[in-house]
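Trainee: Next comes entry_39.txt, compact mmCIF, C-alpha atoms:
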```txt
# COMPACT_ATOMS: atom_id res chain seq x y z
CA MET A 283 -53.64 8.00 -17.07
CA PRO A 284 -50.80 9.69 -15.16
CA VAL A 285 -48.22 9.28 -17.90
CA SER A 286 -49.28 10.26 -21.37
CA MET A 287 -48.47 8.18 -24.46
CA LYS A 288 -46.47 11.09 -25.76
CA THR A 289 -44.05 10.94 -22.87
CA ILE A 290 -43.66 7.18 -23.20
CA ARG A 291 -42.72 7.49 -26.84
CA TRP A 292 -39.88 9.80 -25.90
CA LEU A 293 -38.51 7.61 -23.09
CA PRO A 294 -36.22 5.30 -25.13
CA LEU A 295 -34.60 8.26 -26.81
CA ALA A 296 -34.14 10.09 -23.53
CA ALA A 297 -32.62 6.99 -21.97
CA MET A 298 -30.22 6.58 -24.88
CA LEU A 299 -29.19 10.19 -24.64
CA ALA A 300 -28.63 9.92 -20.90
CA ALA A 301 -26.53 6.78 -21.36
CA THR A 302 -24.39 8.45 -24.02
CA LEU A 303 -23.84 11.49 -21.81
CA ALA A 304 -22.95 9.33 -18.83
CA PHE A 305 -20.45 7.40 -20.93
CA ALA A 306 -18.80 10.48 -22.31
CA GLN A 307 -18.78 12.74 -19.29
CA GLU A 308 -19.29 10.83 -16.07
CA ALA A 309 -16.93 12.42 -13.56
CA PRO A 310 -14.71 10.07 -11.54
CA ASP A 311 -16.46 10.80 -8.22
CA ALA A 312 -19.86 10.29 -9.82
CA LEU A 313 -18.64 7.00 -11.26
CA VAL A 314 -17.37 5.73 -7.90
CA LYS A 315 -20.64 6.71 -6.26
CA ARG A 316 -22.84 5.13 -8.93
CA VAL A 317 -20.90 1.85 -9.09
CA SER A 318 -20.55 1.41 -5.32
CA GLN A 319 -24.21 2.26 -4.69
CA ASP A 320 -25.19 -0.15 -7.44
CA VAL A 321 -23.17 -3.01 -5.95
CA LEU A 322 -24.35 -2.28 -2.39
CA ALA A 323 -27.98 -2.14 -3.54
CA ILE A 324 -27.63 -5.58 -5.13
CA ALA A 325 -25.89 -6.89 -2.00
CA LYS A 326 -28.82 -5.69 0.11
CA SER A 327 -31.66 -6.86 -2.14
CA ASP A 328 -30.46 -9.94 -4.04
CA PRO A 329 -31.63 -13.04 -2.14
CA LYS A 330 -28.82 -15.16 -3.60
CA VAL A 331 -26.16 -12.68 -2.45
CA GLN A 332 -27.82 -12.53 0.98
CA ALA A 333 -27.71 -16.32 1.23
CA GLY A 334 -23.98 -16.22 0.51
CA ASP A 335 -24.18 -17.78 -2.98
CA GLN A 336 -20.52 -17.39 -4.01
CA ALA A 337 -21.17 -17.88 -7.73
CA ARG A 338 -23.75 -15.07 -7.76
CA ILE A 339 -21.55 -12.74 -5.65
CA HIS A 340 -18.68 -13.42 -8.04
CA GLU A 341 -20.97 -12.63 -10.99
CA VAL A 342 -21.98 -9.28 -9.45
CA ILE A 343 -18.38 -8.22 -8.78
CA ASP A 344 -17.21 -9.42 -12.19
CA GLY A 345 -20.06 -7.76 -14.05
CA LYS A 346 -20.59 -4.52 -12.12
CA LEU A 347 -17.27 -3.65 -10.51
CA ALA A 348 -14.47 -5.23 -12.57
CA PRO A 349 -15.21 -3.29 -15.81
CA HIS A 350 -14.29 -0.08 -13.99
CA PHE A 351 -10.81 -1.27 -13.03
CA ASP A 352 -7.67 -0.96 -15.15
CA PHE A 353 -6.17 -4.35 -14.28
CA THR A 354 -3.22 -3.99 -16.64
CA ARG A 355 -2.15 -0.79 -14.90
CA MET A 356 -2.69 -2.37 -11.46
CA THR A 357 -0.58 -5.38 -12.38
CA ALA A 358 2.18 -3.19 -13.85
CA LEU A 359 2.26 -1.07 -10.66
CA ALA A 360 2.33 -4.13 -8.40
CA MET A 361 5.16 -5.60 -10.50
CA GLY A 362 7.28 -2.43 -10.32
CA ARG A 363 10.46 -2.70 -12.37
CA ASN A 364 9.86 -6.43 -12.92
CA TRP A 365 7.04 -5.53 -15.33
CA ARG A 366 9.47 -4.49 -18.06
CA ASN A 367 11.37 -7.75 -17.74
CA ALA A 368 8.24 -9.82 -18.37
CA THR A 369 7.34 -10.88 -21.91
CA PRO A 370 4.03 -9.62 -23.38
CA ALA A 371 2.60 -13.13 -22.94
CA GLN A 372 3.66 -13.18 -19.27
CA GLN A 373 2.20 -9.70 -18.76
CA LYS A 374 -1.11 -10.85 -20.19
CA GLU A 375 -1.20 -13.98 -18.03
CA LEU A 376 -0.21 -12.03 -14.90
CA THR A 377 -2.94 -9.47 -15.50
CA GLU A 378 -5.58 -12.17 -15.94
CA GLN A 379 -4.51 -14.08 -12.81
CA PHE A 380 -4.28 -10.89 -10.73
CA ARG A 381 -7.73 -9.88 -11.96
CA GLN A 382 -9.15 -13.23 -10.86
CA LEU A 383 -7.50 -12.93 -7.44
CA LEU A 384 -8.86 -9.41 -6.90
CA VAL A 385 -12.37 -10.32 -8.04
CA ARG A 386 -12.38 -13.28 -5.65
CA THR A 387 -11.05 -11.14 -2.80
CA TYR A 388 -13.69 -8.49 -3.45
CA SER A 389 -16.39 -11.13 -3.53
CA GLY A 390 -15.29 -12.28 -0.09
CA ALA A 391 -15.40 -8.72 1.21
CA LEU A 392 -18.87 -8.14 -0.23
CA SER A 393 -20.28 -11.21 1.52
CA ARG A 394 -19.04 -9.81 4.85
CA TYR A 395 -19.91 -6.14 4.58
CA ARG A 396 -23.34 -5.06 3.55
CA ASP A 397 -24.83 -3.04 6.43
CA GLU A 398 -22.36 -0.22 5.97
CA LYS A 399 -23.15 3.24 4.67
CA ILE A 400 -20.78 5.07 2.33
CA GLU A 401 -20.13 8.80 2.54
CA TYR A 402 -18.60 10.51 -0.48
CA LYS A 403 -16.17 13.39 -0.14
CA PRO A 404 -16.66 16.16 -2.70
CA LEU A 405 -14.00 16.28 -5.38
CA ALA A 406 -12.94 19.18 -7.58
CA VAL A 407 -11.65 17.78 -10.85
CA ALA A 408 -9.88 20.08 -13.30
CA PRO A 409 -11.03 19.38 -16.88
CA SER A 410 -7.44 18.56 -17.84
CA ALA A 411 -6.90 16.09 -14.96
CA THR A 412 -6.00 12.53 -15.94
CA ASP A 413 -5.31 11.11 -12.48
CA VAL A 414 -7.52 11.64 -9.43
CA THR A 415 -8.20 10.17 -6.00
CA VAL A 416 -11.83 9.82 -4.95
CA LYS A 417 -12.24 9.70 -1.18
CA THR A 418 -15.05 7.82 0.56
CA LEU A 419 -15.80 6.92 4.15
CA VAL A 420 -17.46 3.64 5.10
CA VAL A 421 -19.51 4.02 8.28
CA LYS A 422 -20.54 0.97 10.28
CA ALA A 423 -24.07 0.65 11.59
CA GLY A 424 -23.38 0.14 15.33
CA GLY A 425 -20.73 2.84 15.79
CA GLY A 426 -17.00 2.13 15.87
CA SER A 427 -14.37 3.62 13.63
CA PRO A 428 -15.39 4.63 10.10
CA VAL A 429 -13.01 3.29 7.46
CA PRO A 430 -11.70 5.70 4.82
CA ILE A 431 -11.52 4.07 1.39
CA ASP A 432 -9.83 6.00 -1.44
CA TYR A 433 -9.88 5.08 -5.11
CA SER A 434 -7.11 6.16 -7.48
CA LEU A 435 -8.48 6.59 -10.98
CA THR A 436 -6.96 7.31 -14.34
CA LYS A 437 -8.64 8.70 -17.45
CA THR A 438 -8.83 6.24 -20.34
CA PRO A 439 -10.64 6.37 -23.70
CA GLU A 440 -13.33 4.16 -22.09
CA GLY A 441 -13.89 6.54 -19.18
CA TRP A 442 -12.26 6.72 -15.75
CA LYS A 443 -10.83 3.48 -14.41
CA ALA A 444 -9.57 2.64 -10.93
CA TYR A 445 -6.02 1.34 -10.54
CA ASP A 446 -5.63 1.30 -6.76
CA VAL A 447 -7.80 1.03 -3.67
CA ILE A 448 -6.45 2.47 -0.42
CA VAL A 449 -8.20 1.19 2.71
CA GLY A 450 -7.38 3.14 5.87
CA GLY A 451 -4.05 4.18 4.36
CA VAL A 452 -3.18 0.68 3.12
CA SER A 453 -2.70 0.64 -0.64
CA LEU A 454 -3.63 -2.66 -2.23
CA VAL A 455 -1.10 -2.24 -5.02
CA THR A 456 1.73 -1.39 -2.60
CA ASN A 457 0.83 -4.42 -0.51
CA TYR A 458 1.08 -6.71 -3.50
CA ARG A 459 4.37 -5.15 -4.65
CA ASP A 460 6.25 -6.82 -1.76
CA GLU A 461 4.54 -10.12 -2.41
CA PHE A 462 5.20 -10.08 -6.15
CA ASN A 463 8.80 -9.05 -5.60
CA GLU A 464 9.47 -11.93 -3.21
CA GLN A 465 7.82 -14.47 -5.50
CA ILE A 466 9.84 -13.25 -8.50
CA LYS A 467 13.07 -13.33 -6.50
CA SER A 468 12.59 -16.97 -5.61
CA GLY A 469 10.90 -18.35 -8.73
CA GLY A 470 11.02 -15.74 -11.47
CA VAL A 471 8.00 -14.31 -13.28
CA ASP A 472 6.78 -17.82 -14.11
CA GLY A 473 7.02 -18.70 -10.43
CA LEU A 474 4.73 -15.76 -9.60
CA ILE A 475 2.26 -16.82 -12.32
CA ALA A 476 2.26 -20.37 -10.91
CA THR A 477 1.63 -19.07 -7.36
CA LEU A 478 -1.25 -16.88 -8.56
CA LYS A 479 -2.77 -19.80 -10.45
CA THR A 480 -2.56 -22.06 -7.40
CA LYS A 481 -4.15 -19.33 -5.27
CA ASN A 482 -6.97 -18.98 -7.81
CA GLY A 483 -7.57 -22.71 -7.64
CA GLY A 484 -6.28 -23.98 -10.98
CA MET B 203 40.96 -10.37 18.04
CA THR B 204 39.71 -12.74 20.72
CA SER B 205 38.13 -16.01 19.73
CA MET B 206 34.83 -14.75 21.11
CA THR B 207 34.80 -11.66 18.87
CA ARG B 208 35.71 -13.82 15.88
CA TYR B 209 32.88 -16.19 16.68
CA VAL B 210 30.38 -13.31 16.89
CA LEU B 211 31.63 -11.95 13.56
CA VAL B 212 31.28 -15.32 11.86
CA VAL B 213 27.76 -15.80 13.20
CA ALA B 214 26.77 -12.26 12.22
CA THR B 215 28.13 -12.71 8.69
CA ALA B 216 26.36 -16.05 8.33
CA ALA B 217 23.11 -14.50 9.54
CA ALA B 218 23.51 -11.58 7.11
CA LEU B 219 24.15 -13.98 4.22
CA ALA B 220 21.18 -16.12 5.18
CA GLY B 221 19.14 -12.92 5.29
CA CYS B 222 20.25 -12.03 1.76
CA ALA B 223 19.26 -15.43 0.44
CA THR B 224 15.65 -14.98 1.56
CA GLY B 225 15.50 -11.31 0.51
CA PRO B 226 16.34 -8.91 3.33
CA ASN B 227 13.73 -6.37 4.29
CA LYS B 228 15.07 -3.21 5.87
CA ASP B 229 12.04 -2.96 8.18
CA ASP B 230 12.24 -6.60 9.22
CA PRO B 231 15.77 -7.70 10.13
CA PHE B 232 14.38 -10.54 12.28
CA GLU B 233 12.26 -11.99 9.49
CA PRO B 234 13.39 -15.64 9.95
CA TRP B 235 12.44 -15.50 13.65
CA ASN B 236 9.21 -13.55 13.01
CA ARG B 237 8.16 -15.99 10.33
CA VAL B 238 8.46 -18.92 12.73
CA MET B 239 6.44 -16.94 15.28
CA TYR B 240 3.71 -16.30 12.71
CA GLU B 241 3.59 -19.52 10.72
CA LYS B 242 4.52 -22.11 13.35
CA VAL B 243 3.18 -20.56 16.56
CA HIS B 244 0.50 -17.94 15.86
CA VAL B 245 -1.37 -19.59 12.99
CA PRO B 246 -1.87 -22.99 14.71
CA ILE B 247 -2.98 -21.39 18.01
CA ASP B 248 -5.27 -19.01 16.17
CA ARG B 249 -6.83 -21.83 14.17
CA ASP B 250 -7.22 -24.29 17.08
CA VAL B 251 -8.03 -21.93 19.96
CA MET B 252 -8.90 -18.37 18.94
CA GLN B 253 -11.12 -19.06 15.94
CA PRO B 254 -13.28 -21.67 17.74
CA MET B 255 -13.53 -19.20 20.63
CA VAL B 256 -14.75 -16.41 18.35
CA ARG B 257 -17.28 -18.78 16.71
CA ALA B 258 -18.60 -19.73 20.15
CA TYR B 259 -18.71 -16.05 21.15
CA ILE B 260 -20.77 -15.24 18.04
CA ASP B 261 -23.10 -18.21 18.71
CA ILE B 262 -23.68 -17.44 22.38
CA VAL B 263 -23.63 -13.65 22.58
CA PRO B 264 -26.26 -11.77 20.54
CA SER B 265 -25.06 -9.14 18.08
CA PRO B 266 -26.18 -5.99 20.00
CA VAL B 267 -24.34 -7.24 23.09
CA ARG B 268 -21.20 -7.91 21.05
CA THR B 269 -21.41 -4.37 19.68
CA ALA B 270 -21.81 -3.02 23.24
CA ILE B 271 -18.72 -4.96 24.35
CA SER B 272 -16.74 -3.62 21.37
CA ASN B 273 -17.92 -0.11 22.24
CA PHE B 274 -16.76 -0.58 25.84
CA PHE B 275 -13.23 -1.40 24.71
CA ASN B 276 -13.25 1.27 21.99
CA ASN B 277 -14.11 3.77 24.73
CA ILE B 278 -10.91 2.78 26.56
CA ASP B 279 -9.01 3.23 23.25
CA ASP B 280 -10.54 6.70 22.95
CA PHE B 281 -9.26 7.55 26.44
CA ILE B 282 -5.76 6.37 25.45
CA SER B 283 -6.13 8.41 22.25
CA ALA B 284 -7.00 11.54 24.25
CA ILE B 285 -3.88 11.15 26.45
CA ASN B 286 -1.73 10.82 23.33
CA ASP B 287 -3.35 13.79 21.61
CA GLY B 288 -2.23 15.74 24.67
CA LEU B 289 1.32 14.32 24.56
CA GLN B 290 1.54 15.29 20.88
CA GLY B 291 0.13 18.78 21.51
CA LYS B 292 -3.01 18.20 19.42
CA ARG B 293 -5.44 20.24 21.48
CA GLU B 294 -8.42 20.11 19.18
CA LYS B 295 -8.24 16.35 18.73
CA MET B 296 -7.78 15.96 22.50
CA GLY B 297 -10.96 17.90 23.14
CA ASN B 298 -12.73 15.75 20.59
CA ASP B 299 -11.52 12.45 22.08
CA LEU B 300 -12.12 13.55 25.68
CA GLY B 301 -15.61 14.66 24.71
CA ARG B 302 -16.25 11.22 23.25
CA VAL B 303 -15.06 9.49 26.42
CA LEU B 304 -17.20 11.72 28.65
CA ILE B 305 -20.34 11.34 26.54
CA ASN B 306 -19.94 7.61 26.06
CA SER B 307 -18.94 6.88 29.65
CA GLY B 308 -21.86 8.89 31.00
CA VAL B 309 -24.85 8.94 28.69
CA GLY B 310 -23.48 5.85 26.91
CA MET B 311 -23.30 3.84 30.16
CA PHE B 312 -19.59 3.02 30.69
CA GLY B 313 -19.01 3.18 26.96
CA LEU B 314 -21.47 0.41 26.09
CA VAL B 315 -23.32 2.72 23.68
CA ASP B 316 -21.31 4.79 21.22
CA ILE B 317 -23.54 7.88 21.45
CA ALA B 318 -20.70 10.16 20.34
CA SER B 319 -20.44 8.48 16.92
CA GLN B 320 -24.19 8.69 16.52
CA VAL B 321 -24.09 12.44 17.03
CA GLY B 322 -21.18 12.72 14.61
CA VAL B 323 -18.10 12.96 16.85
CA GLU B 324 -15.62 10.75 15.02
CA ARG B 325 -13.17 8.48 16.78
CA GLY B 326 -9.53 9.46 17.14
CA ASN B 327 -6.79 6.87 16.71
CA GLU B 328 -3.70 7.99 18.56
CA ASP B 329 -1.65 5.70 20.77
CA PHE B 330 1.73 5.70 22.56
CA GLY B 331 3.58 4.19 19.59
CA LEU B 332 2.41 7.09 17.42
CA THR B 333 3.37 9.58 20.14
CA PHE B 334 6.90 8.14 20.26
CA GLY B 335 6.97 8.42 16.46
CA THR B 336 5.87 12.05 16.59
CA TRP B 337 8.63 12.72 19.11
CA GLY B 338 11.13 11.41 16.56
CA PHE B 339 11.76 7.82 17.64
CA GLU B 340 12.40 5.40 14.76
CA GLN B 341 9.97 2.50 14.47
CA GLY B 342 12.76 -0.04 14.95
CA PRO B 343 12.59 -3.64 13.76
CA TYR B 344 9.25 -5.18 12.85
CA LEU B 345 8.07 -7.90 15.22
CA PHE B 346 5.36 -10.51 15.00
CA ILE B 347 4.21 -11.59 18.44
CA PRO B 348 1.97 -14.69 18.60
CA LEU B 349 -1.64 -13.84 19.61
CA PHE B 350 -0.77 -10.14 19.92
CA GLY B 351 -0.04 -9.66 16.23
CA PRO B 352 2.17 -7.39 14.14
CA THR B 353 4.08 -4.58 15.83
CA THR B 354 7.44 -2.83 15.90
CA VAL B 355 9.86 -2.17 18.75
CA ARG B 356 8.43 1.37 19.03
CA ASP B 357 4.77 0.36 18.86
CA GLY B 358 5.30 -2.61 21.19
CA THR B 359 6.92 -0.28 23.74
CA GLY B 360 3.85 1.92 23.39
CA TRP B 361 1.66 -1.04 24.25
CA LEU B 362 3.73 -1.81 27.37
CA VAL B 363 3.22 1.80 28.53
CA ARG B 364 -0.48 1.37 27.95
CA ILE B 365 -0.90 -1.98 29.67
CA PHE B 366 1.36 -1.20 32.64
CA GLY B 367 0.33 2.36 33.35
CA ALA B 368 -2.09 4.21 31.17
CA SER B 369 -5.07 1.88 30.83
CA PRO B 370 -7.77 2.53 33.46
CA VAL B 371 -8.52 -1.22 33.54
CA GLY B 372 -5.20 -1.78 35.32
CA TYR B 373 -6.44 0.35 38.23
CA ILE B 374 -9.53 -1.72 38.97
CA PRO B 375 -8.83 -3.02 42.51
CA ASP B 376 -11.06 -6.13 42.26
CA VAL B 377 -8.79 -8.73 40.65
CA PRO B 378 -11.50 -11.12 39.34
CA ILE B 379 -13.37 -8.21 37.70
CA ARG B 380 -10.15 -6.85 36.22
CA ASN B 381 -9.17 -10.26 34.82
CA THR B 382 -12.68 -10.79 33.40
CA ILE B 383 -12.36 -7.48 31.55
CA TYR B 384 -8.93 -8.51 30.24
CA ALA B 385 -10.37 -11.84 29.04
CA PHE B 386 -13.26 -10.14 27.24
CA GLY B 387 -10.76 -7.67 25.81
CA VAL B 388 -8.85 -10.54 24.17
CA VAL B 389 -12.06 -12.10 22.79
CA ASP B 390 -13.32 -8.74 21.51
CA ALA B 391 -9.99 -7.86 19.88
CA ARG B 392 -9.99 -11.15 17.97
CA TYR B 393 -13.70 -10.72 17.15
CA GLN B 394 -13.08 -7.23 15.74
CA ALA B 395 -10.16 -8.59 13.69
CA GLU B 396 -12.28 -11.34 12.12
CA GLY B 397 -12.95 -9.47 8.85
CA ALA B 398 -9.29 -8.53 8.42
CA VAL B 399 -8.14 -12.11 9.09
CA SER B 400 -10.56 -13.50 6.47
CA PHE B 401 -9.41 -10.86 4.00
CA VAL B 402 -5.75 -11.79 4.45
CA GLY B 403 -6.64 -15.45 3.91
CA GLU B 404 -8.32 -14.62 0.61
CA ALA B 405 -6.01 -11.92 -0.70
CA ALA B 406 -2.48 -12.88 0.34
CA LEU B 407 0.01 -14.96 -1.62
CA ASP B 408 2.27 -14.91 1.43
CA GLN B 409 0.26 -14.08 4.54
CA TYR B 410 3.30 -13.12 6.60
CA ALA B 411 4.55 -10.57 4.05
CA PHE B 412 1.03 -9.27 3.35
CA ILE B 413 0.31 -8.56 7.02
CA ARG B 414 3.72 -6.93 7.48
CA ARG B 415 3.27 -4.53 4.54
CA ALA B 416 -0.31 -3.71 5.54
CA TYR B 417 0.69 -3.04 9.16
CA LEU B 418 3.64 -0.81 8.23
CA GLN B 419 1.56 1.12 5.66
CA ARG B 420 -1.22 1.62 8.20
CA ARG B 421 1.13 2.86 10.92
CA GLU B 422 2.86 5.28 8.56
CA TYR B 423 -0.56 6.62 7.50
CA LEU B 424 -1.59 7.13 11.14
CA LEU B 425 1.75 8.68 12.07
CA TYR B 426 1.35 11.31 9.34
CA ASP B 427 -2.37 11.73 10.12
CA GLY B 428 -3.29 10.60 6.63
CA ASN B 429 -0.82 12.84 4.75
CA VAL B 430 2.08 10.52 4.05
CA PRO B 431 4.78 12.37 2.09
CA PRO B 432 5.12 10.90 -1.42
CA LYS B 433 8.16 8.75 -2.06
CA LYS B 434 9.86 7.01 -4.95
CA GLU B 435 7.59 4.35 -6.46
CA ASP B 436 10.27 1.96 -7.66
CA GLU B 437 12.92 1.07 -5.11
```
So, in terms of structure tokens, how does the structure I just supplied come out?
Mentor:
Amino acid sequence: MPVSMKTIRWLPLAAMLAATLAFAQEAPDALVKRVSQDVLAIAKSDPKVQAGDQARIHEVIDGKLAPHFDFTRMTALAMGRNWRNATPAQQKELTEQFRQLLVRTYSGALSRYRDEKIEYKPLAVAPSATDVTVKTLVVKAGGGSPVPIDYSLTKTPEGWKAYDVIVGGVSLVTNYRDEFNEQIKSGGVDGLIATLKTKNGG
Amino acid sequence: MTSMTRYVLVVATAAALAGCATGPNKDDPFEPWNRVMYEKVHVPIDRDVMQPMVRAYIDIVPSPVRTAISNFFNNIDDFISAINDGLQGKREKMGNDLGRVLINSGVGMFGLVDIASQVGVERGNEDFGLTFGTWGFEQGPYLFIPLFGPTTVRDGTGWLVRIFGASPVGYIPDVPIRNTIYAFGVVDARYQAEGAVSFVGEAALDQYAFIRRAYLQRREYLLYDGNVPPKKEDE
């Protein structure tokens, strides 16, 4: 037998230890790499994702990717100064609707891109750092221009969480700031919530 | 004050007030006009003509051939990029881009195979609009031109320089061949934009504003070669 019983008995403990360490200490660049590789691996191997099953793709994004985003911070940044004028209930509703929109948008992107390779730029993180940008490069299979994708992350008690994605210099949060601003100007915060709800299909 | 001057003043004031009502954008003084161009002209034509054309293109032309066609046009972009590296005094990038064009035009058969990327020579992305920006020209008002897409006065001028002077395609003496290349160029450009167009459809609350912000962010990023100086978050 290649693996002795003794080793097997130790496996659950080792796995638990590894999980605890990962939770406590996983560096932001390691986190981005692990999560993106995880999602890409599912995209390449899951037959339902391959067949374009939207419910399954949505489940993958919601389960694997979304927990590593700080949606409250994203929503606050996209709202700019309007955030402080919103009531706590409005803030909560906005965050939930924005989360749904982003998950849906990401699901759409995942069903289109799956043959790409991701290169990870090395990152030196000072132990005291609470805000970092992890740089990656998405390389297409048949040549063409590689697309730089940067993730802005912040340190939270639950580990590092992303609050912005910058694709080829285009910040998602900045892009939504204009949109949110215009919606609030014409219909107030409730108008923006209504627009987001309509966009999310209910 | 002549009656003509008074009339111009009244119209200008009315236009300014109308602008305020819809939220003026300092980059986009012609927003009402641009919006009509996008929503009433571009979107219907894109939906009824361009999208069916791209679907047919994908159905008829196999994927490796589509990639080869994209590579062919990217090779022309690389040539334009090399010229602009030179105009901006970026010697190293110019050598890089020229090297790409030479490798891909030769070994890569007129640019159909992107050998340079496969051996790790990355693409440059300079153009005349960015050169004018580097020389200190302001971007000017944002413009949305149906079928062509988002641009600014500066970037649009850059495109005119390219189309009417710098692009090697313009020097092909055989008119039918030249026009065929132009036609494939239009199809390929729309084909390459397919992912971005789908993304905007899914992500945007207001497609016009979303495209405008994305375009202006992208151009600023390219102008500063990826090192955009930080600015105030909350305007």
Trainee: Could you tell me how far atom CA of B:Phe386 lies from atom CA of B:Gly358, in Å and to one decimal?
Mentor: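 Separation of atom CA of B:Phe386 and atom CA of B:Gly358: 20.9 Å.
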Trainee: Return as a tab-separated table the residues of chain A lying at most 8 Å from chain B, together with the closest atom-to-atom pair for each and the distance in Å to one decimal, counting only C-alpha atoms, with rows in chain order and ascending residue number.
Mentor:
```
residue	atom	partner	partner_atom	distance
A:Gly362	CA	B:Asp436	CA	5.9
A:Arg363	CA	B:Asp436	CA	6.6
A:Leu383	CA	B:Ala405	CA	7.0
A:Leu384	CA	B:Ala405	CA	7.3
A:Arg386	CA	B:Glu404	CA	7.6
A:Thr387	CA	B:Ala405	CA	5.5
A:Gly390	CA	B:Phe401	CA	7.3
A:Ala391	CA	B:Phe401	CA	6.9
A:Arg394	CA	B:Gly397	CA	7.3
A:Gly424	CA	B:Thr269	CA	6.6
A:Gly425	CA	B:Ser319	CA	5.8
A:Gly426	CA	B:Asn273	CA	6.8
A:Ser427	CA	B:Arg325	CA	5.9
A:Pro428	CA	B:Glu324	CA	7.9
A:Gly450	CA	B:Arg420	CA	6.8
A:Gly451	CA	B:Tyr423	CA	5.3
A:Val452	CA	B:Gln419	CA	5.4
A:Ser453	CA	B:Gln419	CA	7.6
A:Thr456	CA	B:Arg415	CA	8.0
A:Asn457	CA	B:Arg415	CA	5.6
A:Tyr458	CA	B:Phe412	CA	7.3
A:Asp460	CA	B:Ala411	CA	7.1
A:Glu461	CA	B:Ala411	CA	6.5
A:Glu464	CA	B:Gly225	CA	7.1
A:Lys467	CA	B:Gly225	CA	7.7
A:Thr477	CA	B:Leu407	CA	7.2
A:Leu478	CA	B:Leu407	CA	7.3
A:Lys481	CA	B:Leu407	CA	7.1
```
Trainee: For each of A:Leu376, A:Ile343, A:Ala408, A:Val331, take the minimum atom-to-atom distance to A:Ala360, counting only C-alpha atoms, then give the residue where this is smallest.
Mentor: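 Using only C-alpha atoms, the shortest distance to A:Ala360 belongs to A:Leu376.
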Trainee: Do a neighbour search on stretch 291-304 of chain B at 7 Å with all atoms listed in the file, toss out local chain neighbours closer than 2 positions, and write the hits as a PDB file with C-alpha atoms, keeping the file's coordinate frame.
Mentor:
```
ATOM      1  CA  ASN B 277     -14.110   3.770  24.730  1.00  0.00           C
ATOM      2  CA  ASP B 280     -10.540   6.700  22.950  1.00  0.00           C
ATOM      3  CA  PHE B 281      -9.260   7.550  26.440  1.00  0.00           C
ATOM      4  CA  SER B 283      -6.130   8.410  22.250  1.00  0.00           C
ATOM      5  CA  ALA B 284      -7.000  11.540  24.250  1.00  0.00           C
ATOM      6  CA  ASP B 287      -3.350  13.790  21.610  1.00  0.00           C
ATOM      7  CA  GLY B 288      -2.230  15.740  24.670  1.00  0.00           C
ATOM      8  CA  LEU B 289       1.320  14.320  24.560  1.00  0.00           C
ATOM      9  CA  ASN B 306     -19.940   7.610  26.060  1.00  0.00           C
ATOM     10  CA  SER B 307     -18.940   6.880  29.650  1.00  0.00           C
ATOM     11  CA  GLY B 308     -21.860   8.890  31.000  1.00  0.00           C
ATOM     12  CA  ALA B 318     -20.700  10.160  20.340  1.00  0.00           C
ATOM     13  CA  VAL B 323     -18.100  12.960  16.850  1.00  0.00           C
ATOM     14  CA  ARG B 325     -13.170   8.480  16.780  1.00  0.00           C
ATOM     15  CA  GLY B 326      -9.530   9.460  17.140  1.00  0.00           C
TER      16      GLY B 326
END
```
Trainee: Measure the distance from atom CA of A:Trp442 to atom CA of A:Gln382 in Å and round it to one decimal.
Mentor: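 Separation between atom CA of A:Trp442 and atom CA of A:Gln382: 20.8 Å.
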Trainee: Using only C-alpha atoms, determine which residues lie at most 12 Å from A:Asp472, disregarding the query and same-chain residues fewer than 4 positions distant; provide the list as a PyMOL selection string.
Mentor: chain A and resi 364+367-369+371-373+375-376+379+462+465-468+476-479
Trainee: Excluding same-chain residues fewer than 4 positions from stretch 396-403 of chain A, what lies within 6 Å of it counting only C-alpha atoms, as a compact mmCIF listing (two decimals) with C-alpha atoms, in the coordinates of the input?
Mentor:
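The resulting part_14.txt:
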```
# COMPACT_ATOMS: atom_id res chain seq x y z
CA LYS A 417 -12.24 9.70 -1.18
CA THR A 418 -15.05 7.82 0.56
CA LEU A 419 -15.80 6.92 4.15
CA VAL A 420 -17.46 3.64 5.10
CA VAL A 421 -19.51 4.02 8.28
CA LYS A 422 -20.54 0.97 10.28
CA ALA A 423 -24.07 0.65 11.59
```
Trainee: Take atom CA of A:Gly441 and atom CA of A:Ile339 and report the distance between them in Å, one decimal.
Mentor: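 Straight-line distance from atom CA of A:Gly441 to atom CA of A:Ile339 works out to 24.8 Å.
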